[in-house]
>>> print(open('coords-v1.cif').read())   # mmCIF, C-alpha atoms
data_structure
#
loop_
_atom_site.group_PDB
_atom_site.id
_atom_site.type_symbol
_atom_site.label_atom_id
_atom_site.label_comp_id
_atom_site.auth_asym_id
_atom_site.auth_seq_id
_atom_site.Cartn_x
_atom_site.Cartn_y
_atom_site.Cartn_z
ATOM 1 C CA MET A 8 106.536 96.666 161.480
ATOM 2 C CA THR A 9 104.071 93.833 161.779
ATOM 3 C CA TYR A 10 102.171 92.289 158.898
ATOM 4 C CA LYS A 11 98.991 93.800 160.368
ATOM 5 C CA GLU A 12 100.340 97.288 159.776
ATOM 6 C CA PHE A 13 100.842 96.520 156.076
ATOM 7 C CA ILE A 14 97.268 95.252 155.870
ATOM 8 C CA ASP A 15 95.929 98.223 157.822
ATOM 9 C CA LYS A 16 97.574 100.498 155.250
ATOM 10 C CA ALA A 17 95.944 98.583 152.389
ATOM 11 C CA ARG A 18 92.424 98.486 153.864
ATOM 12 C CA PRO A 19 91.603 102.208 153.272
ATOM 13 C CA GLU A 20 92.647 101.814 149.632
ATOM 14 C CA PHE A 21 90.279 98.861 149.272
ATOM 15 C CA GLU A 22 87.517 100.936 150.836
ATOM 16 C CA LYS A 23 88.210 103.866 148.483
ATOM 17 C CA ALA A 24 88.001 101.567 145.461
ATOM 18 C CA PHE A 25 84.727 100.110 146.737
ATOM 19 C CA LYS A 26 83.216 103.551 147.459
ATOM 20 C CA PHE A 27 84.245 104.731 143.990
ATOM 21 C CA LEU A 28 82.532 101.683 142.464
ATOM 22 C CA GLU A 29 79.390 102.407 144.503
ATOM 23 C CA ALA A 30 79.329 105.984 143.206
ATOM 24 C CA GLU A 31 79.854 104.852 139.615
ATOM 25 C CA ILE A 32 77.120 102.246 139.867
ATOM 26 C CA THR A 33 74.569 104.785 141.110
ATOM 27 C CA LYS A 34 75.148 106.689 137.870
ATOM 28 C CA ILE A 35 74.037 103.694 135.822
ATOM 29 C CA ARG A 36 70.431 104.235 134.971
ATOM 30 C CA THR A 37 67.790 101.784 136.074
ATOM 31 C CA SER A 38 64.112 102.025 135.204
ATOM 32 C CA ARG A 39 63.686 104.995 137.559
ATOM 33 C CA ALA A 40 65.087 108.480 137.237
ATOM 34 C CA SER A 41 67.629 109.512 139.838
ATOM 35 C CA PRO A 42 69.517 112.773 140.497
ATOM 36 C CA ALA A 43 72.720 110.699 140.606
ATOM 37 C CA LEU A 44 72.424 110.216 136.831
ATOM 38 C CA ILE A 45 73.222 113.859 136.128
ATOM 39 C CA GLU A 46 74.481 115.549 139.303
ATOM 40 C CA ASP A 47 78.167 115.241 138.359
ATOM 41 C CA ILE A 48 77.843 116.512 134.774
ATOM 42 C CA GLU A 49 80.408 119.278 134.285
ATOM 43 C CA VAL A 50 78.794 122.622 133.339
ATOM 44 C CA ASN A 51 80.864 125.444 131.823
ATOM 45 C CA CYS A 52 79.785 128.554 133.664
ATOM 46 C CA PHE A 53 81.671 131.859 134.013
ATOM 47 C CA GLY A 54 84.767 130.310 132.431
ATOM 48 C CA ASN A 55 84.934 127.500 135.017
ATOM 49 C CA LYS A 56 83.557 123.993 135.185
ATOM 50 C CA PHE A 57 81.143 123.143 137.972
ATOM 51 C CA PRO A 58 79.284 119.933 138.749
ATOM 52 C CA LEU A 59 75.585 120.405 138.037
ATOM 53 C CA LYS A 60 74.697 119.743 141.688
ATOM 54 C CA GLN A 61 76.502 122.984 142.644
ATOM 55 C CA LEU A 62 74.423 125.086 140.258
ATOM 56 C CA ALA A 63 70.913 123.743 140.710
ATOM 57 C CA ALA A 64 68.429 121.729 142.716
ATOM 58 C CA ILE A 65 67.762 118.349 141.102
ATOM 59 C CA SER A 66 64.580 116.386 141.747
ATOM 60 C CA CYS A 67 62.605 113.486 140.277
ATOM 61 C CA PRO A 68 58.862 114.212 140.433
ATOM 62 C CA GLN A 69 58.032 111.207 138.229
ATOM 63 C CA PRO A 70 59.786 107.847 137.654
ATOM 64 C CA ASN A 71 60.943 108.857 134.160
ATOM 65 C CA GLN A 72 61.546 112.582 134.682
ATOM 66 C CA ILE A 73 64.265 114.732 136.220
ATOM 67 C CA VAL A 74 63.687 118.399 136.984
ATOM 68 C CA ILE A 75 66.589 120.811 137.330
ATOM 69 C CA GLN A 76 65.946 124.160 138.988
ATOM 70 C CA PRO A 77 69.043 126.393 138.683
ATOM 71 C CA TRP A 78 69.885 128.730 141.544
ATOM 72 C CA ASP A 79 70.166 131.509 138.955
ATOM 73 C CA ASN A 80 68.369 131.783 135.584
ATOM 74 C CA SER A 81 71.672 132.627 133.861
ATOM 75 C CA TYR A 82 72.727 128.989 134.432
ATOM 76 C CA ILE A 83 69.951 127.555 132.259
ATOM 77 C CA GLU A 84 71.748 127.872 128.913
ATOM 78 C CA PRO A 85 75.089 126.348 130.097
ATOM 79 C CA ILE A 86 73.182 123.538 131.859
ATOM 80 C CA GLU A 87 71.164 122.839 128.720
ATOM 81 C CA LYS A 88 74.354 122.735 126.639
ATOM 82 C CA ALA A 89 76.184 120.437 129.087
ATOM 83 C CA ILE A 90 73.303 117.957 129.252
ATOM 84 C CA SER A 91 72.843 117.844 125.482
ATOM 85 C CA GLN A 92 76.583 117.138 125.085
ATOM 86 C CA SER A 93 76.641 114.479 127.811
ATOM 87 C CA GLY A 94 75.324 111.746 125.514
ATOM 88 C CA LEU A 95 72.806 110.449 128.057
ATOM 89 C CA GLY A 96 70.042 110.253 125.450
ATOM 90 C CA MET A 97 67.470 112.206 127.441
ATOM 91 C CA SER A 98 64.993 114.585 125.849
ATOM 92 C CA LEU A 99 65.371 118.083 127.226
ATOM 93 C CA ALA A 100 62.797 120.864 127.599
ATOM 94 C CA VAL A 101 63.320 124.313 129.099
ATOM 95 C CA ASP A 102 60.280 125.551 131.006
ATOM 96 C CA LYS A 103 60.768 129.187 132.165
ATOM 97 C CA ASN A 104 63.263 128.721 135.042
ATOM 98 C CA LEU A 105 63.309 124.877 134.968
ATOM 99 C CA VAL A 106 64.960 122.273 132.819
ATOM 100 C CA ARG A 107 62.963 119.065 132.416
ATOM 101 C CA LEU A 108 64.586 115.845 131.302
ATOM 102 C CA SER A 109 62.553 112.864 130.120
ATOM 103 C CA LEU A 110 64.179 109.464 130.176
ATOM 104 C CA PRO A 111 63.382 107.062 127.342
ATOM 105 C CA LEU A 112 62.097 103.603 128.154
ATOM 106 C CA LEU A 113 64.782 100.989 128.650
ATOM 107 C CA THR A 114 64.918 98.427 125.859
ATOM 108 C CA GLU A 115 66.151 94.885 126.438
ATOM 109 C CA GLU A 116 69.239 95.600 124.330
ATOM 110 C CA TYR A 117 70.033 98.750 126.321
ATOM 111 C CA ARG A 118 69.626 96.865 129.602
ATOM 112 C CA HIS A 119 72.146 94.267 128.418
ATOM 113 C CA SER A 120 74.621 96.981 127.443
ATOM 114 C CA LEU A 121 74.194 98.524 130.911
ATOM 115 C CA THR A 122 74.961 95.164 132.550
ATOM 116 C CA LYS A 123 78.152 94.993 130.451
ATOM 117 C CA ILE A 124 79.146 98.446 131.696
ATOM 118 C CA LEU A 125 78.357 97.291 135.228
ATOM 119 C CA SER A 126 80.637 94.277 134.785
ATOM 120 C CA GLU A 127 83.442 96.453 133.400
ATOM 121 C CA LYS A 128 83.257 98.872 136.328
ATOM 122 C CA SER A 129 83.247 96.061 138.884
ATOM 123 C CA GLU A 130 86.247 94.454 137.193
ATOM 124 C CA GLN A 131 88.104 97.784 137.326
ATOM 125 C CA ALA A 132 87.468 97.944 141.074
ATOM 126 C CA ARG A 133 88.713 94.363 141.481
ATOM 127 C CA GLN A 134 91.864 95.188 139.501
ATOM 128 C CA THR A 135 92.515 98.192 141.717
ATOM 129 C CA MET A 136 92.131 96.017 144.803
ATOM 130 C CA ARG A 137 94.439 93.365 143.364
ATOM 131 C CA HIS A 138 97.008 96.074 142.733
ATOM 132 C CA PHE A 139 96.888 97.170 146.378
ATOM 133 C CA ARG A 140 97.029 93.554 147.554
ATOM 134 C CA GLU A 141 100.157 92.986 145.434
ATOM 135 C CA ASP A 142 101.703 96.164 146.794
ATOM 136 C CA ALA A 143 101.072 95.100 150.404
ATOM 137 C CA TRP A 144 102.332 91.563 149.679
ATOM 138 C CA ASN A 145 105.531 92.935 148.127
ATOM 139 C CA ARG A 146 106.127 95.123 151.176
ATOM 140 C CA ILE A 147 105.614 92.122 153.457
ATOM 141 C CA GLN A 148 108.112 90.100 151.412
ATOM 142 C CA VAL A 149 110.680 92.896 151.517
ATOM 143 C CA ALA A 150 110.237 93.202 155.297
ATOM 144 C CA THR A 151 110.761 89.425 155.595
ATOM 145 C CA LYS A 152 113.952 89.570 153.505
ATOM 146 C CA GLU A 153 115.226 92.389 155.696
ATOM 147 C CA LYS A 154 114.471 90.247 158.768
ATOM 148 C CA GLN A 155 111.832 92.678 160.067
ATOM 149 C CA LEU A 156 109.171 89.967 159.825
ATOM 150 C CA SER A 157 109.366 86.254 160.479
ATOM 151 C CA GLU A 158 108.384 83.651 157.889
ATOM 152 C CA ASP A 159 105.299 82.813 159.957
ATOM 153 C CA ASP A 160 104.216 86.456 159.978
ATOM 154 C CA LYS A 161 104.802 86.599 156.244
ATOM 155 C CA PHE A 162 102.310 83.789 155.649
ATOM 156 C CA ARG A 163 99.865 85.141 158.220
ATOM 157 C CA GLY A 164 100.006 88.409 156.299
ATOM 158 C CA LYS A 165 99.338 86.583 153.048
ATOM 159 C CA ASP A 166 96.297 84.869 154.610
ATOM 160 C CA GLN A 167 94.997 88.164 155.991
ATOM 161 C CA LEU A 168 95.414 89.833 152.603
ATOM 162 C CA GLN A 169 93.435 87.038 150.998
ATOM 163 C CA LYS A 170 90.681 87.452 153.603
ATOM 164 C CA LEU A 171 90.585 91.162 152.816
ATOM 165 C CA ILE A 172 90.285 90.465 149.087
ATOM 166 C CA ASP A 173 87.553 87.888 149.743
ATOM 167 C CA GLU A 174 85.637 90.344 151.933
ATOM 168 C CA TYR A 175 85.654 93.085 149.308
ATOM 169 C CA SER A 176 84.989 90.668 146.452
ATOM 170 C CA LYS A 177 81.856 89.564 148.271
ATOM 171 C CA LYS A 178 80.795 93.200 148.782
ATOM 172 C CA ILE A 179 81.337 93.930 145.087
ATOM 173 C CA LYS A 180 79.417 90.828 144.043
ATOM 174 C CA GLU A 181 76.436 91.752 146.248
ATOM 175 C CA LEU A 182 76.447 95.335 144.973
ATOM 176 C CA VAL A 183 76.546 94.224 141.335
ATOM 177 C CA GLU A 184 73.809 91.637 141.848
ATOM 178 C CA ARG A 185 71.523 94.264 143.415
ATOM 179 C CA LYS A 186 72.067 96.627 140.519
ATOM 180 C CA GLU A 187 71.504 93.875 137.939
ATOM 181 C CA LYS A 188 68.163 93.066 139.581
ATOM 182 C CA GLU A 189 67.205 96.745 139.314
ATOM 183 C CA LEU A 190 68.202 96.786 135.647
ATOM 184 C CA MET A 191 66.354 93.642 134.663
#
>>> encode(input="coords-v1.cif", output="structure tokens")
Amino acid sequence: MTYKEFIDKARPEFEKAFKFLEAEITKIRTSRASPALIEDIEVNCFGNKFPLKQLAAISCPQPNQIVIQPWDNSYIEPIEKAISQSGLGMSLAVDKNLVRLSLPLLTEEYRHSLTKILSEKSEQARQTMRHFREDAWNRIQVATKEKQLSEDDKFRGKDQLQKLIDEYSKKIKELVERKEKELM
């Protein structure tokens, strides 16, 4: 094996961690309503749990409102229950075959708490990436000890791993900065 193969195995894991962070960040509320805020809420329906996006159409007709239109009227009660238990702090109103959610205005204090959550999630992604970097580095070192890789390849691999970390750290930083601008 070459050091490039170890790095090529680590790259998809880095990408998965980054994509997961992107998905988590879209769930953090900014000043505008977004279907991403609620689409993954688990709804107990027919004895099973379904993500809300599988049971209803979700739209945002106004900047501070989300409208949920279930595919079937029998879903309204479980959807209402799931949203009220989600702890999102939205006011809920059932309107015939629609569920309307109104988002409260963001206070300065709430915005700061959201930026803390944003920082925590980005740090979790960085930790995951560091874990995969360590794993790849350990594999490179083992291959070097077993004489499958030369010392030069070992250090080239270390440099390439660092470049990979730097690349994804930059992506994370840019993503977080964009979201912080939206929040503030």
>>> residues_around(input="coords-v1.cif", residues="region 165-167 of chain A", least_positions_apart="4", cutoff="12 Å", atoms="all atoms listed in the file", output="PyMOL selection string")
chain A and resi 10-15+17-18+140-148+158-161+171-174
>>> resolve_selection(input="coords-v1.cif", expression="the PyMOL selection byres ((chain A and resi 85) around 10)", output="list in words")
Glu49, Val50, Asn51, Cys52, Phe53, Leu59, Ser81, Tyr82, Ile83, Glu84, Ile86, Glu87, Lys88, Ala89, Ile90 and Ser91 of chain A
>>> residues_around(input="coords-v1.cif", residues="Glu29 (chain A)", least_positions_apart="4", cutoff="12 Å", atoms="only C-alpha atoms", output="JSON, numbers by chain")
{"A": [22, 23, 24, 25, 33, 34, 35, 43, 125, 128, 129, 132, 178, 179, 180, 181, 182, 183, 185, 186]}
>>> closest_residue(input="coords-v1.cif", among="A:Glu116, A:Glu153, A:Glu46, A:Asp102", to="Pro58 (chain A)", atoms="all atoms listed in the file")
A:Glu46
>>> resolve_selection(input="coords-v1.cif", expression="the PyMOL selection byres ((chain A and resi 104-113) around 6)", output="list in words")
Asn71, Gln72, Ile73, Val74, Ile75, Gln76, Asn80, Met97, Ser98, Leu99, Ala100, Val101, Asp102, Lys103 and Thr114 of chain A
>>> atom_distance(input="coords-v1.cif", atom1="CA of Ser41 (chain A)", atom2="CA of Ile65 (chain A)")
8.9 Å
>>> closest_residue(input="coords-v1.cif", among="A:Asp47, A:Glu31, A:Asp79, A:Glu187", to="Gln131 (chain A)", atoms="only C-alpha atoms")
A:Glu31
>>> residues_around(input="coords-v1.cif", residues="Gln155 (chain A)", least_positions_apart="5", cutoff="9 Å", atoms="all atoms listed in the file", output="list in words")
Met8, Thr9, Val149 and Ala150 of chain A
>>> atom_distance(input="coords-v1.cif", atom1="CA of Pro19 (chain A)", atom2="CA of Ile124 (chain A)")
25.2 Å
>>> atom_distance(input="coords-v1.cif", atom1="CA of Ser120 (chain A)", atom2="CA of Met191 (chain A)")
11.5 Å
>>> closest_residue(input="coords-v1.cif", among="A:Lys170, A:Arg163, A:Lys123, A:Arg118", to="Glu189 (chain A)", atoms="all atoms listed in the file")
A:Arg118
>>> axis_aligned_box(input="coords-v1.cif", around="region 9-26 of chain A", padding_each_side="3 Å", output="lines of an AutoDock Vina configuration file")
center_x = 93.6
center_y = 98.1
center_z = 153.6
size_x = 26.9
size_y = 17.6
size_z = 22.3
>>> decode(input="coords-v1.cif", residues="region 121-158 of chain A", atoms="N, CA and C atoms", output="PDB file, in the first residue's frame")
ATOM      1  N   LEU A 121     -27.216  30.415  20.399  1.00  0.00           N
ATOM      2  CA  LEU A 121     -27.144  29.681  19.136  1.00  0.00           C
ATOM      3  C   LEU A 121     -25.717  29.654  18.592  1.00  0.00           C
ATOM      4  N   THR A 122     -24.970  30.748  18.773  1.00  0.00           N
ATOM      5  CA  THR A 122     -23.572  30.744  18.312  1.00  0.00           C
ATOM      6  C   THR A 122     -22.738  29.773  19.149  1.00  0.00           C
ATOM      7  N   LYS A 123     -23.080  29.607  20.430  1.00  0.00           N
ATOM      8  CA  LYS A 123     -22.376  28.614  21.254  1.00  0.00           C
ATOM      9  C   LYS A 123     -22.658  27.203  20.734  1.00  0.00           C
ATOM     10  N   ILE A 124     -23.907  26.939  20.406  1.00  0.00           N
ATOM     11  CA  ILE A 124     -24.275  25.632  19.855  1.00  0.00           C
ATOM     12  C   ILE A 124     -23.537  25.399  18.542  1.00  0.00           C
ATOM     13  N   LEU A 125     -23.457  26.437  17.732  1.00  0.00           N
ATOM     14  CA  LEU A 125     -22.741  26.373  16.460  1.00  0.00           C
ATOM     15  C   LEU A 125     -21.275  26.013  16.685  1.00  0.00           C
ATOM     16  N   SER A 126     -20.658  26.643  17.668  1.00  0.00           N
ATOM     17  CA  SER A 126     -19.259  26.351  17.994  1.00  0.00           C
ATOM     18  C   SER A 126     -19.082  24.908  18.470  1.00  0.00           C
ATOM     19  N   GLU A 127     -20.022  24.440  19.290  1.00  0.00           N
ATOM     20  CA  GLU A 127     -19.945  23.066  19.799  1.00  0.00           C
ATOM     21  C   GLU A 127     -20.038  22.054  18.648  1.00  0.00           C
ATOM     22  N   LYS A 128     -20.969  22.291  17.744  1.00  0.00           N
ATOM     23  CA  LYS A 128     -21.141  21.359  16.619  1.00  0.00           C
ATOM     24  C   LYS A 128     -19.916  21.362  15.702  1.00  0.00           C
ATOM     25  N   SER A 129     -19.340  22.532  15.478  1.00  0.00           N
ATOM     26  CA  SER A 129     -18.152  22.585  14.620  1.00  0.00           C
ATOM     27  C   SER A 129     -16.969  21.903  15.304  1.00  0.00           C
ATOM     28  N   GLU A 130     -16.875  22.044  16.614  1.00  0.00           N
ATOM     29  CA  GLU A 130     -15.785  21.372  17.334  1.00  0.00           C
ATOM     30  C   GLU A 130     -15.969  19.851  17.297  1.00  0.00           C
ATOM     31  N   GLN A 131     -17.198  19.385  17.369  1.00  0.00           N
ATOM     32  CA  GLN A 131     -17.455  17.943  17.256  1.00  0.00           C
ATOM     33  C   GLN A 131     -16.998  17.416  15.901  1.00  0.00           C
ATOM     34  N   ALA A 132     -17.266  18.182  14.847  1.00  0.00           N
ATOM     35  CA  ALA A 132     -16.836  17.770  13.507  1.00  0.00           C
ATOM     36  C   ALA A 132     -15.312  17.742  13.427  1.00  0.00           C
ATOM     37  N   ARG A 133     -14.662  18.740  14.016  1.00  0.00           N
ATOM     38  CA  ARG A 133     -13.193  18.771  14.019  1.00  0.00           C
ATOM     39  C   ARG A 133     -12.622  17.581  14.782  1.00  0.00           C
ATOM     40  N   GLN A 134     -13.245  17.234  15.908  1.00  0.00           N
ATOM     41  CA  GLN A 134     -12.784  16.081  16.688  1.00  0.00           C
ATOM     42  C   GLN A 134     -12.920  14.794  15.884  1.00  0.00           C
ATOM     43  N   THR A 135     -14.018  14.667  15.180  1.00  0.00           N
ATOM     44  CA  THR A 135     -14.220  13.478  14.338  1.00  0.00           C
ATOM     45  C   THR A 135     -13.134  13.393  13.280  1.00  0.00           C
ATOM     46  N   MET A 136     -12.824  14.520  12.667  1.00  0.00           N
ATOM     47  CA  MET A 136     -11.785  14.553  11.635  1.00  0.00           C
ATOM     48  C   MET A 136     -10.414  14.245  12.226  1.00  0.00           C
ATOM     49  N   ARG A 137     -10.149  14.765  13.413  1.00  0.00           N
ATOM     50  CA  ARG A 137      -8.865  14.458  14.064  1.00  0.00           C
ATOM     51  C   ARG A 137      -8.759  12.970  14.362  1.00  0.00           C
ATOM     52  N   HIS A 138      -9.870  12.377  14.743  1.00  0.00           N
ATOM     53  CA  HIS A 138      -9.885  10.936  15.008  1.00  0.00           C
ATOM     54  C   HIS A 138      -9.502  10.154  13.748  1.00  0.00           C
ATOM     55  N   PHE A 139     -10.089  10.531  12.613  1.00  0.00           N
ATOM     56  CA  PHE A 139      -9.779   9.826  11.367  1.00  0.00           C
ATOM     57  C   PHE A 139      -8.350  10.101  10.904  1.00  0.00           C
ATOM     58  N   ARG A 140      -7.856  11.300  11.180  1.00  0.00           N
ATOM     59  CA  ARG A 140      -6.462  11.612  10.836  1.00  0.00           C
ATOM     60  C   ARG A 140      -5.527  10.724  11.671  1.00  0.00           C
ATOM     61  N   GLU A 141      -5.807  10.616  12.963  1.00  0.00           N
ATOM     62  CA  GLU A 141      -4.986   9.765  13.838  1.00  0.00           C
ATOM     63  C   GLU A 141      -5.019   8.317  13.380  1.00  0.00           C
ATOM     64  N   ASP A 142      -6.202   7.858  13.000  1.00  0.00           N
ATOM     65  CA  ASP A 142      -6.342   6.480  12.533  1.00  0.00           C
ATOM     66  C   ASP A 142      -5.493   6.249  11.281  1.00  0.00           C
ATOM     67  N   ALA A 143      -5.577   7.160  10.327  1.00  0.00           N
ATOM     68  CA  ALA A 143      -4.777   7.030   9.096  1.00  0.00           C
ATOM     69  C   ALA A 143      -3.285   7.109   9.415  1.00  0.00           C
ATOM     70  N   TRP A 144      -2.894   8.019  10.307  1.00  0.00           N
ATOM     71  CA  TRP A 144      -1.487   8.172  10.676  1.00  0.00           C
ATOM     72  C   TRP A 144      -0.972   6.899  11.343  1.00  0.00           C
ATOM     73  N   ASN A 145      -1.772   6.312  12.225  1.00  0.00           N
ATOM     74  CA  ASN A 145      -1.370   5.061  12.874  1.00  0.00           C
ATOM     75  C   ASN A 145      -1.198   3.937  11.857  1.00  0.00           C
ATOM     76  N   ARG A 146      -2.057   3.873  10.882  1.00  0.00           N
ATOM     77  CA  ARG A 146      -1.939   2.842   9.842  1.00  0.00           C
ATOM     78  C   ARG A 146      -0.668   3.046   9.011  1.00  0.00           C
ATOM     79  N   ILE A 147      -0.368   4.314   8.730  1.00  0.00           N
ATOM     80  CA  ILE A 147       0.861   4.623   7.984  1.00  0.00           C
ATOM     81  C   ILE A 147       2.083   4.206   8.795  1.00  0.00           C
ATOM     82  N   GLN A 148       2.063   4.475  10.096  1.00  0.00           N
ATOM     83  CA  GLN A 148       3.199   4.108  10.948  1.00  0.00           C
ATOM     84  C   GLN A 148       3.363   2.592  11.032  1.00  0.00           C
ATOM     85  N   VAL A 149       2.258   1.888  11.136  1.00  0.00           N
ATOM     86  CA  VAL A 149       2.320   0.420  11.184  1.00  0.00           C
ATOM     87  C   VAL A 149       2.886  -0.115   9.870  1.00  0.00           C
ATOM     88  N   ALA A 150       2.429   0.437   8.742  1.00  0.00           N
ATOM     89  CA  ALA A 150       2.932   0.004   7.438  1.00  0.00           C
ATOM     90  C   ALA A 150       4.433   0.288   7.314  1.00  0.00           C
ATOM     91  N   THR A 151       4.889   1.378   7.904  1.00  0.00           N
ATOM     92  CA  THR A 151       6.326   1.714   7.871  1.00  0.00           C
ATOM     93  C   THR A 151       7.117   0.713   8.708  1.00  0.00           C
ATOM     94  N   LYS A 152       6.587   0.370   9.884  1.00  0.00           N
ATOM     95  CA  LYS A 152       7.270  -0.599  10.758  1.00  0.00           C
ATOM     96  C   LYS A 152       7.355  -1.968  10.099  1.00  0.00           C
ATOM     97  N   GLU A 153       6.320  -2.290   9.325  1.00  0.00           N
ATOM     98  CA  GLU A 153       6.299  -3.591   8.642  1.00  0.00           C
ATOM     99  C   GLU A 153       7.013  -3.527   7.293  1.00  0.00           C
ATOM    100  N   LYS A 154       7.703  -2.438   7.047  1.00  0.00           N
ATOM    101  CA  LYS A 154       8.511  -2.235   5.837  1.00  0.00           C
ATOM    102  C   LYS A 154       7.678  -2.215   4.550  1.00  0.00           C
ATOM    103  N   GLN A 155       6.397  -1.868   4.672  1.00  0.00           N
ATOM    104  CA  GLN A 155       5.557  -1.725   3.477  1.00  0.00           C
ATOM    105  C   GLN A 155       5.672  -0.321   2.897  1.00  0.00           C
ATOM    106  N   LEU A 156       6.086   0.618   3.745  1.00  0.00           N
ATOM    107  CA  LEU A 156       6.280   2.010   3.330  1.00  0.00           C
ATOM    108  C   LEU A 156       7.679   2.454   3.740  1.00  0.00           C
ATOM    109  N   SER A 157       8.246   3.336   2.954  1.00  0.00           N
ATOM    110  CA  SER A 157       9.553   3.890   3.322  1.00  0.00           C
ATOM    111  C   SER A 157       9.358   5.043   4.304  1.00  0.00           C
ATOM    112  N   GLU A 158      10.436   5.446   4.944  1.00  0.00           N
ATOM    113  CA  GLU A 158      10.388   6.586   5.868  1.00  0.00           C
ATOM    114  C   GLU A 158       9.948   7.849   5.132  1.00  0.00           C
TER     115      GLU A 158
END
